[in-house]
Every structure is written in structure tokens, then in C-alpha cells.
Amino acid sequence: MTKVKKLFTETEKALAAYKEQVKKLDEQERELNTELATIEAEMTANVFAQENATVSESVYLKIQAKELVNRNDIINVLLEELAEERSELKLKFVPVLREALAKTPYHEYNATEIAERYRYMMLTEIADIGGQMREQFSAIAPDIREVFQDQKVKERYPRLANAYEDDRYSPSFSWMTKSVISKDEVFSACKGWLPQGLKAPKEDGEKK
């Protein structure tokens, strides 16, 4: 089985650089979300505190509540800006990744050559077997015809004379489809998928 070499070396380098910058954005997002959770907890505590607060305490708590709302709004704006930064980062890396992917040496693997090689091997092996069988029959054919072509024999067995010709003695072949392999099956294999129902052929020892 052919071992495919590493194809996406350049792309992996580009992705590593991209992920390094993503990590920085992730860290910022974690910090902002942590701050947001803290503010929400403080806002909840503030609401409960106002329920039983005195007038002077209520004034202070309302001022605090307003500050918390302002901080909350600022954090949400920063999160929106961070989302924009993520999109900008992706846009920045699009040409980088496209250039890296263009350097992938996938063209070094040619499925057509493989299909043609095995087609040649298959047909030459079948033709070799068929040729040997025909040669063996040709060696005895004159004697067979001498018997089967006899007038008396033909009268007794009228269909016998043409029943035994060299094309009768050839390798058996049974295939339900129009072709041994279709283009669609090769295209699927190129993607790493095998045709549904594909079975490994029996070894010679198993056939006997």
C-alpha cells in the first residue's frame, strides 16, 4: 500500500500562525466574559440590596447600579469589537492559506496511472490464460473434428459438430455490471471511500 507523504506542511505552518493569534483573542474573550460574569453578579446583589435599603443606602446603590450598567455596556461593546477582530483575522489569513494550499504536492499522486496499470495487468493476465487454453484446444481440435464431423455422427447428433469450438474453452467470467470498475467508483476511492458492498476476492487456495 502506498504511503502518502505529508502534503500540507506549508498549510500547517500557516494554521499554526493563525491559531497563535486566535489564542490571544481567546484569552481576551475569557477575561471579558469573566468580568461580565462578575458585573452580573454584582448587579443581582445590588437589586436585592435595594429591596431593604434605607434612603441614603438606596441612593448609593442606584449610583452603583448605574455604574454597573455602564461597565456592562462597555464589556459588551468590547466583545463585539473582539468578534470583529476575529473576522478580520480570518480575512487576513485567507490569502495566506490559499497560497499555502497551492503549494500542496497532491498532483504527485495519479489515480489514472494506477487504474491504467492494473487494467493492463488484468487484461494481459486474462489474455495469457485464454491464449494458453486456446492453444491446448487447438492441439486436439483436428482429432475432435474428425470424430464429430463424421457424417454418421452428425446424423445421430446433429448439433454436436458446432457445439465444441475453441471459444467454449476460455476462462469463465461473470460480471453483472457493464464494466469491471466505473469512473464514479474511482472518484470515490480518490476521496478515500470504498464502494458499498465491496468485498475482498478469495485467494486461490480458498477457491479450490
# chains A, B, ... in the order shown; residues from 1 in each chain; ligands from 1

call {"tool": "select_by_dssp", "arguments": {"residues": "stretch 8-180 of chain A", "states": "helix (DSSP H, G or I)", "output": "ChimeraX atom specification"}}
result
/A:9-51,55-102,106-108,111-148,151-156,166-168

call {"tool": "closest_residue", "arguments": {"among": "A:Ile144, A:Leu7, A:Ala163, A:Met1", "to": "A:Leu101", "atoms": "only C-alpha atoms"}}
result
A:Leu7

call {"tool": "atom_distance", "arguments": {"atom1": "atom CA of A:Ala200", "atom2": "atom CA of A:Ala127"}}
result
22.7 Å

call {"tool": "residues_around", "arguments": {"residues": "A:Glu165", "least_positions_apart": "2", "cutoff": "10 Å", "atoms": "only C-alpha atoms", "output": "list in words"}}
result
Arg134, Phe137, Ser138, Ala141, Ile144, Arg145, Ala161, Asn162, Ala163, Asp167, Arg168 and Tyr169 of chain A

call {"tool": "atom_distance", "arguments": {"atom1": "atom CA of A:Asn46", "atom2": "atom CA of A:Leu78"}}
result
23.6 Å

call {"tool": "residues_around", "arguments": {"residues": "A:Ile114", "least_positions_apart": "4", "cutoff": "12 Å", "atoms": "only C-alpha atoms", "output": "ChimeraX atom specification"}}
result
/A:1-2,109-110,118-121,186,189-190

call {"tool": "closest_residue", "arguments": {"among": "A:Leu89, A:Met122, A:Met133, A:Ser56", "to": "A:Glu20", "atoms": "only C-alpha atoms"}}
result
A:Leu89

call {"tool": "closest_residue", "arguments": {"among": "A:Gly192, A:Ala102, A:Pro171, A:Ile181", "to": "A:Glu116", "atoms": "only C-alpha atoms"}}
result
A:Ile181

call {"tool": "atom_distance", "arguments": {"atom1": "atom CA of A:Ser58", "atom2": "atom CA of A:Met43"}}
result
13.8 Å

call {"tool": "residues_around", "arguments": {"residues": "A:Phe148", "least_positions_apart": "5", "cutoff": "9 Å", "atoms": "only C-alpha atoms", "output": "CSV table (one decimal) with C-alpha atoms, in the first residue's frame"}}
result
chain,number,residue,atom,x,y,z
A,143,ASP,CA,-8.9,-35.1,-33.9
A,153,VAL,CA,-22.1,-38.9,-36.2
A,154,LYS,CA,-23.7,-35.8,-37.4
A,157,TYR,CA,-26.0,-35.9,-33.1
A,160,LEU,CA,-22.7,-31.8,-32.0
A,161,ALA,CA,-20.5,-30.6,-34.8
A,162,ASN,CA,-20.7,-26.9,-33.8
A,164,TYR,CA,-17.4,-27.8,-29.3
